file target-v1.cif (mmCIF, C-alpha atoms)
data_data
loop_
_atom_site.label_atom_id
_atom_site.label_comp_id
_atom_site.auth_asym_id
_atom_site.auth_seq_id
_atom_site.Cartn_x
_atom_site.Cartn_y
_atom_site.Cartn_z
CA PHE A 1 90.14 67.74 107.54
CA TYR A 2 90.28 68.72 103.87
CA GLY A 3 93.59 70.48 103.28
CA LEU A 4 94.93 70.41 106.83
CA GLN A 5 96.91 67.22 106.29
CA HIS A 6 98.45 68.58 103.09
CA MET A 7 99.25 71.88 104.79
CA GLY A 8 101.09 70.02 107.56
CA GLU A 9 102.96 67.85 105.07
CA TYR A 10 104.03 70.94 103.14
CA MET A 11 105.44 72.60 106.25
CA TYR A 12 107.36 69.46 107.27
CA LYS A 13 108.85 68.92 103.82
CA TYR A 14 109.71 72.60 103.42
CA GLN A 15 111.65 72.63 106.66
CA LEU A 16 113.50 69.40 105.82
CA GLN A 17 114.31 70.35 102.24
CA ASN A 18 115.06 74.04 102.64
CA GLY A 19 115.40 74.94 106.30
CA TYR A 20 119.14 74.26 106.51
CA LEU A 21 120.07 75.44 103.02
CA ILE A 22 119.62 79.11 103.76
CA GLU A 23 121.45 81.39 106.14
CA ASN A 24 120.55 81.30 109.83
CA LYS A 25 118.75 84.64 109.81
CA CYS A 26 116.36 83.43 107.13
CA VAL A 27 115.86 80.15 108.98
CA ASN A 28 114.79 82.06 112.09
CA ILE A 29 112.32 84.14 110.08
CA LEU A 30 110.96 81.04 108.35
CA PHE A 31 110.49 79.07 111.55
CA ARG A 32 109.00 82.04 113.42
CA ARG A 33 106.48 82.56 110.63
CA HIS A 34 105.57 78.87 110.75
CA ALA A 35 105.19 79.02 114.52
CA GLU A 36 102.89 82.04 114.25
CA GLY A 37 100.94 80.26 111.52
CA ILE A 38 100.51 77.14 113.64
CA ASP A 39 99.31 79.32 116.53
CA PHE A 40 96.78 80.85 114.14
CA ILE A 41 95.52 77.39 113.11
CA LYS A 42 95.29 76.23 116.72
CA LYS A 43 93.41 79.38 117.72
CA HIS A 44 90.82 78.99 114.97
CA ILE A 45 90.71 75.20 114.47
CA ASP A 46 87.07 74.82 115.54
CA ALA A 47 85.94 77.60 113.22
CA ILE A 48 88.11 76.25 110.37
CA LEU A 49 86.48 72.84 110.56
CA ARG A 50 83.04 74.40 110.91
CA ILE A 51 83.56 76.63 107.88
CA GLU A 52 84.87 73.78 105.73
CA LYS A 53 81.58 71.92 106.10
CA HIS A 54 79.67 74.91 104.70
CA LEU A 55 81.83 75.75 101.67
CA GLU A 56 79.81 75.04 98.55
CA ASN A 57 82.42 73.70 96.13
CA LYS A 58 85.97 72.50 95.63
CA HIS A 59 87.24 75.86 94.37
CA SER A 60 86.03 77.57 97.54
CA LYS A 61 87.78 74.93 99.65
CA ASP A 62 90.95 75.29 97.59
CA VAL A 63 90.89 79.06 98.14
CA PHE A 64 90.15 78.60 101.86
CA TYR A 65 93.04 76.24 102.51
CA GLY A 66 95.27 78.11 100.08
CA VAL A 67 94.85 81.23 102.20
CA LEU A 68 95.52 79.26 105.40
CA ARG A 69 98.68 77.82 103.86
CA SER A 70 99.76 81.32 102.86
CA ILE A 71 99.27 82.50 106.44
CA VAL A 72 101.48 79.66 107.67
CA SER A 73 104.14 79.88 104.96
CA GLY A 74 104.14 83.55 104.01
CA SER A 75 103.83 82.56 100.34
CA PHE A 76 100.84 83.39 98.14
CA GLU A 77 101.56 80.68 95.55
CA PHE A 78 98.99 78.31 97.06
CA ILE A 79 95.90 80.48 96.50
CA PRO A 80 94.11 79.59 93.23
CA MET A 81 92.60 82.45 91.25
CA SER A 82 88.94 82.47 90.33
CA SER A 83 87.82 82.42 86.71
CA TYR A 84 85.16 85.13 87.07
CA PRO A 85 85.69 88.89 87.61
CA GLN A 86 85.75 90.28 91.14
CA TYR A 87 82.25 91.34 92.33
CA PHE A 88 80.67 89.48 89.41
CA HIS A 89 80.43 85.98 90.85
CA PRO A 90 78.20 83.67 88.73
CA ILE A 91 75.45 83.81 91.39
CA VAL A 92 76.37 86.66 93.74
CA HIS A 93 76.31 89.69 91.46
CA PRO A 94 74.15 92.79 90.94
CA VAL A 95 71.12 92.38 88.68
CA GLU A 96 68.51 94.75 87.32
CA GLY A 97 66.49 96.41 90.05
CA ASP A 98 68.82 95.52 92.95
CA ILE A 99 69.13 97.87 95.92
CA VAL A 100 72.84 97.81 96.77
CA ILE A 101 74.88 99.02 99.74
CA GLU A 102 78.51 99.58 98.78
CA GLY A 103 81.11 100.15 101.48
CA GLY A 104 84.41 101.12 99.87
CA ILE A 105 84.16 103.03 96.58
CA ASP A 106 87.86 103.46 95.70
CA ASN A 107 87.96 105.20 92.30
CA GLY A 108 84.31 104.53 91.52
CA ASN A 109 84.88 102.08 88.67
CA THR A 110 83.11 99.20 90.42
CA THR A 111 80.30 101.58 91.41
CA LEU A 112 79.78 102.42 87.74
CA SER A 113 79.75 98.72 86.77
CA ILE A 114 77.14 98.02 89.45
CA SER A 115 75.13 101.06 88.32
CA THR A 116 74.98 99.69 84.79
CA ALA A 117 73.99 96.21 86.00
CA ILE A 118 71.11 97.36 88.23
CA GLY A 119 69.70 99.86 85.74
CA SER A 120 67.28 102.70 86.40
CA LYS A 121 65.08 100.60 88.69
CA GLY A 122 67.99 99.85 91.04
CA LYS A 123 69.82 101.98 93.57
CA ILE A 124 73.35 102.14 95.01
CA TYR A 125 73.99 103.61 98.43
CA ALA A 126 77.77 104.10 98.43
CA PHE A 127 79.88 105.08 101.46
CA GLU A 128 83.20 106.94 101.54
CA PRO A 129 84.37 108.25 104.96
CA LEU A 130 87.36 110.34 103.87
CA LYS A 131 86.22 113.87 103.00
CA SER A 132 88.90 114.40 100.33
CA SER A 133 88.00 111.14 98.58
CA TYR A 134 84.28 111.83 98.93
CA GLU A 135 84.62 115.26 97.30
CA LYS A 136 86.52 113.80 94.35
CA LEU A 137 83.87 111.14 93.87
CA VAL A 138 81.01 113.64 94.04
CA ASP A 139 82.79 115.86 91.50
CA ASN A 140 83.25 112.91 89.12
CA ILE A 141 80.67 113.55 86.41
CA LYS A 142 80.61 109.84 85.54
CA LEU A 143 79.20 109.10 88.99
CA ARG A 144 76.41 111.67 88.65
CA LYS A 145 73.70 109.12 88.01
CA ASP A 146 70.17 108.95 89.35
CA ASN A 147 70.76 105.48 90.80
CA ILE A 148 73.91 106.42 92.79
CA THR A 149 73.88 108.16 96.18
CA ILE A 150 77.23 108.75 97.89
CA TYR A 151 77.49 109.32 101.64
CA ASN A 152 80.46 110.94 103.39
CA GLU A 153 80.35 108.30 106.11
CA GLY A 154 81.91 104.94 106.88
CA LEU A 155 80.11 101.72 107.77
CA TYR A 156 80.60 100.29 111.27
CA SER A 157 78.82 98.46 114.07
CA SER A 158 77.32 101.61 115.58
CA GLU A 159 76.99 105.36 115.17
CA LYS A 160 80.22 107.05 116.24
CA THR A 161 83.06 109.32 115.21
CA LEU A 162 86.54 107.84 114.89
CA PHE A 163 89.73 108.64 113.00
CA LEU A 164 90.83 107.20 109.69
CA SER A 165 94.48 106.96 108.74
CA GLN A 166 94.93 108.44 105.27
CA GLN A 167 96.83 105.68 103.50
CA GLY A 168 94.71 105.24 100.39
CA ALA A 169 93.83 101.57 99.98
CA GLY A 170 95.56 100.84 103.28
CA SER A 171 93.48 103.21 105.42
CA ARG A 172 92.52 102.03 108.91
CA VAL A 173 90.00 103.11 111.54
CA SER A 174 91.64 104.31 114.75
CA ASN A 175 90.63 105.74 118.12
CA GLU A 176 93.60 108.09 118.09
CA ALA A 177 93.83 111.57 116.62
CA SER A 178 97.04 112.43 114.81
CA PRO A 179 98.25 114.76 112.03
CA HIS A 180 97.90 111.82 109.62
CA ASN A 181 94.42 110.79 110.72
CA GLU A 182 91.18 112.33 109.53
CA GLU A 183 88.10 112.46 111.71
CA CYS A 184 85.26 110.55 110.12
CA LYS A 185 81.63 109.81 110.85
CA LEU A 186 80.58 106.18 111.03
CA CYS A 187 77.10 104.67 110.84
CA SER A 188 75.52 101.25 110.89
CA ILE A 189 73.49 99.74 108.08
CA ASP A 190 70.66 98.77 110.46
CA ASN A 191 70.26 102.33 111.71
CA LYS A 192 70.61 103.90 108.27
CA PHE A 193 68.20 101.78 106.26
CA SER A 194 64.81 100.16 106.73
CA GLU A 195 64.06 99.25 103.11
CA LYS A 196 64.76 95.91 101.49
CA ILE A 197 68.44 95.48 100.56
CA ASP A 198 69.40 93.02 97.81
CA LEU A 199 73.21 93.17 97.91
CA ILE A 200 75.83 94.30 100.43
CA LYS A 201 79.36 94.84 99.11
CA LEU A 202 82.11 95.62 101.63
CA ASP A 203 85.76 96.38 101.00
CA ILE A 204 86.53 98.75 103.87
CA GLU A 205 90.12 98.07 104.89
CA GLY A 206 89.62 95.81 107.89
CA SER A 207 86.31 97.16 109.21
CA GLU A 208 84.21 94.55 107.40
CA LEU A 209 83.40 92.53 110.52
CA GLU A 210 82.30 95.63 112.44
CA ALA A 211 80.10 96.70 109.53
CA LEU A 212 78.49 93.25 109.40
CA LYS A 213 77.77 93.42 113.13
CA GLY A 214 75.92 96.65 112.42
CA ALA A 215 73.89 94.98 109.66
CA GLN A 216 72.59 91.91 111.51
CA LYS A 217 68.93 92.98 111.44
CA THR A 218 69.09 93.79 107.73
CA ILE A 219 70.80 90.50 106.92
CA LYS A 220 68.39 88.39 108.97
CA THR A 221 65.33 90.19 107.59
CA TYR A 222 66.18 90.43 103.89
CA LYS A 223 68.99 87.89 103.40
CA PRO A 224 70.81 90.04 100.83
CA LYS A 225 73.58 88.70 98.64
CA LEU A 226 76.94 89.38 100.31
CA GLN A 227 80.27 90.33 98.73
CA ILE A 228 82.77 90.76 101.57
CA SER A 229 86.54 91.28 101.40
CA VAL A 230 88.26 88.84 103.77
CA TYR A 231 91.94 89.55 103.12
CA HIS A 232 92.59 92.60 105.30
CA GLN A 233 94.65 92.58 108.47
CA PRO A 234 94.50 91.25 111.09
CA ALA A 235 94.49 87.80 109.48
CA ASP A 236 92.04 86.54 112.13
CA GLN A 237 89.27 88.30 110.20
CA PHE A 238 89.61 85.81 107.34
CA VAL A 239 88.11 83.13 109.58
CA GLU A 240 86.05 85.37 111.86
CA ILE A 241 84.04 87.04 109.08
CA ILE A 242 83.00 83.74 107.50
CA ASP A 243 82.18 82.24 110.89
CA PHE A 244 80.15 85.31 111.81
CA ILE A 245 77.96 84.93 108.70
CA LEU A 246 77.35 81.29 109.62
CA SER A 247 76.47 82.28 113.20
CA LEU A 248 73.53 84.37 111.94
CA ASP A 249 71.71 81.12 111.02
CA CYS A 250 70.36 82.50 107.75
CA ASN A 251 71.21 79.34 105.77
CA TYR A 252 73.64 81.21 103.56
CA LYS A 253 75.49 79.30 100.87
CA ILE A 254 79.17 80.24 101.23
CA GLU A 255 81.69 80.49 98.42
CA LEU A 256 85.16 82.03 98.26
CA GLY A 257 86.89 83.69 95.35
CA HIS A 258 90.39 85.07 94.84
CA HIS A 259 91.15 87.72 92.24
CA THR A 260 94.88 88.50 92.16
CA PRO A 261 98.04 86.37 92.02
CA TYR A 262 99.01 87.85 95.42
CA PHE A 263 97.60 87.87 98.97
CA THR A 264 94.96 90.51 98.25
CA GLU A 265 91.39 90.43 96.91
CA THR A 266 90.08 87.27 98.55
CA MET A 267 86.29 87.54 98.64
CA LEU A 268 83.43 85.92 100.51
CA TYR A 269 80.38 85.45 98.30
CA ALA A 270 77.24 84.40 100.15
CA TYR A 271 73.66 83.87 98.99
CA CYS A 272 70.41 82.24 100.06
CA LYS A 273 68.45 80.02 97.73
#

call {"tool": "encode", "arguments": {"input": "target-v1.cif", "output": "structure tokens"}}
result
Amino acid sequence: FYGLQHMGEYMYKYQLQNGYLIENKCVNILFRRHAEGIDFIKKHIDAILRIEKHLENKHSKDVFYGVLRSIVSGSFEFIPMSSYPQYFHPIVHPVEGDIVIEGGIDNGNTTLSISTAIGSKGKIYAFEPLKSSYEKLVDNIKLRKDNITIYNEGLYSSEKTLFLSQQGAGSRVSNEASPHNEECKLCSIDNKFSEKIDLIKLDIEGSELEALKGAQKTIKTYKPKLQISVYHQPADQFVEIIDFILSLDCNYKIELGHHTPYFTETMLYAYCK
């Protein structure tokens, strides 16, 4: 029950100390948020307790319960930041010769950092589903390296075509066509690759769980290092992604990191010894 007792005490004290000192409208918002947060905890309590037992260190547990407290309270002040750079965890990071799958390229800066780390013997298979973003990345001379291959596809649980809302970092996969959605091709890691994979990095705006479902064979066979974003909406994915990795029974060591002073950039780092 690490953290749960303190989370409950915080909520009780906050309501007593502050609940009646602010105007009624704010009180309603505060209490509704708490009620939704408690429903979240009740819904996922078994998974929460199961995950806690598998977190490798105190910092990971502090991040885990800090995120849960933020879900309940709506405040990000409880999530401790990690001391290492995002994607360069002390154990779960790219090394020379790694074969890497990268879902979510953004501006390509992380791709370049990974490219440098893995060297000429390594390889990055990077995925960008939006055609406009893909074309910009392909035209970027800095990304024209022998160890980088960029696909104009997204990662998902199966092969299909869906629509992606064009909201930059807030893009979402949708079943609905609209003037603001772009049709995109999706593929699964298991169907795309048969070679040994050393590292899977996913930051794909809420589709991380679906992509992991499409990589089960690869994960079970090769036990790659995992760097998975767990902060996207819906909030259920924060718990569900970690629990899914545990359900694969690959004996992964699980750590969590957090890399901004806000709600975003909470990462799952998993590895097998």

call {"tool": "residues_around", "arguments": {"input": "target-v1.cif", "residues": "Gly108 of chain A", "least_positions_apart": "2", "cutoff": "9 Å", "atoms": "all atoms listed in the file", "output": "PyMOL selection string"}}
result
chain A and resi 105-106+110-113+137+140+142-143

call {"tool": "resolve_selection", "arguments": {"input": "target-v1.cif", "expression": "the PyMOL selection byres ((chain A and resi 236-238) around 9)", "output": "ChimeraX atom specification"}}
result
/A:40,44,67,206,208-209,229-235,239-243,266

call {"tool": "resolve_selection", "arguments": {"input": "target-v1.cif", "expression": "the PyMOL selection byres ((chain A and resi 204) around 10)", "output": "list in words"}}
result
Glu102, Gly103, Gly104, Ile105, Asp106, Phe127, Glu128, Pro129, Gly154, Leu155, Tyr156, Ala169, Gly170, Ser171, Arg172, Val173, Lys201, Leu202, Asp203, Glu205, Gly206, Ser207, Glu208, Leu209, Ala211, Ile228, Ser229 and His232 of chain A

call {"tool": "atom_distance", "arguments": {"input": "target-v1.cif", "atom1": "atom CA of Lys123 of chain A", "atom2": "atom CA of Glu255 of chain A"}}
result
25.0 Å

call {"tool": "residues_around", "arguments": {"input": "target-v1.cif", "residues": "Tyr134 of chain A", "least_positions_apart": "6", "cutoff": "8 Å", "atoms": "all atoms listed in the file", "output": "NGL selection string"}}
result
:A and (128 or 150-152)

call {"tool": "write_last_selection", "arguments": {"input": "target-v1.cif", "atoms": "C-alpha atoms", "output": "CSV table (one decimal), keeping the file's coordinate frame"}}
result
chain,number,residue,atom,x,y,z
A,128,GLU,CA,83.2,106.9,101.5
A,150,ILE,CA,77.2,108.8,97.9
A,151,TYR,CA,77.5,109.3,101.6
A,152,ASN,CA,80.5,110.9,103.4

call {"tool": "residues_around", "arguments": {"input": "target-v1.cif", "residues": "segment 53-60 of chain A", "least_positions_apart": "5", "cutoff": "7 Å", "atoms": "all atoms listed in the file", "output": "list of chain:residue names"}}
result
A:Lys253, A:Ile254, A:Glu255, A:Leu256, A:Gly257

call {"tool": "write_last_selection", "arguments": {"input": "target-v1.cif", "atoms": "C-alpha atoms", "output": "PDB file, in the frame of the given file"}}
result
ATOM      1  CA  LYS A 253      75.490  79.300 100.870  1.00  0.00           C
ATOM      2  CA  ILE A 254      79.170  80.240 101.230  1.00  0.00           C
ATOM      3  CA  GLU A 255      81.690  80.490  98.420  1.00  0.00           C
ATOM      4  CA  LEU A 256      85.160  82.030  98.260  1.00  0.00           C
ATOM      5  CA  GLY A 257      86.890  83.690  95.350  1.00  0.00           C
TER       6      GLY A 257
END
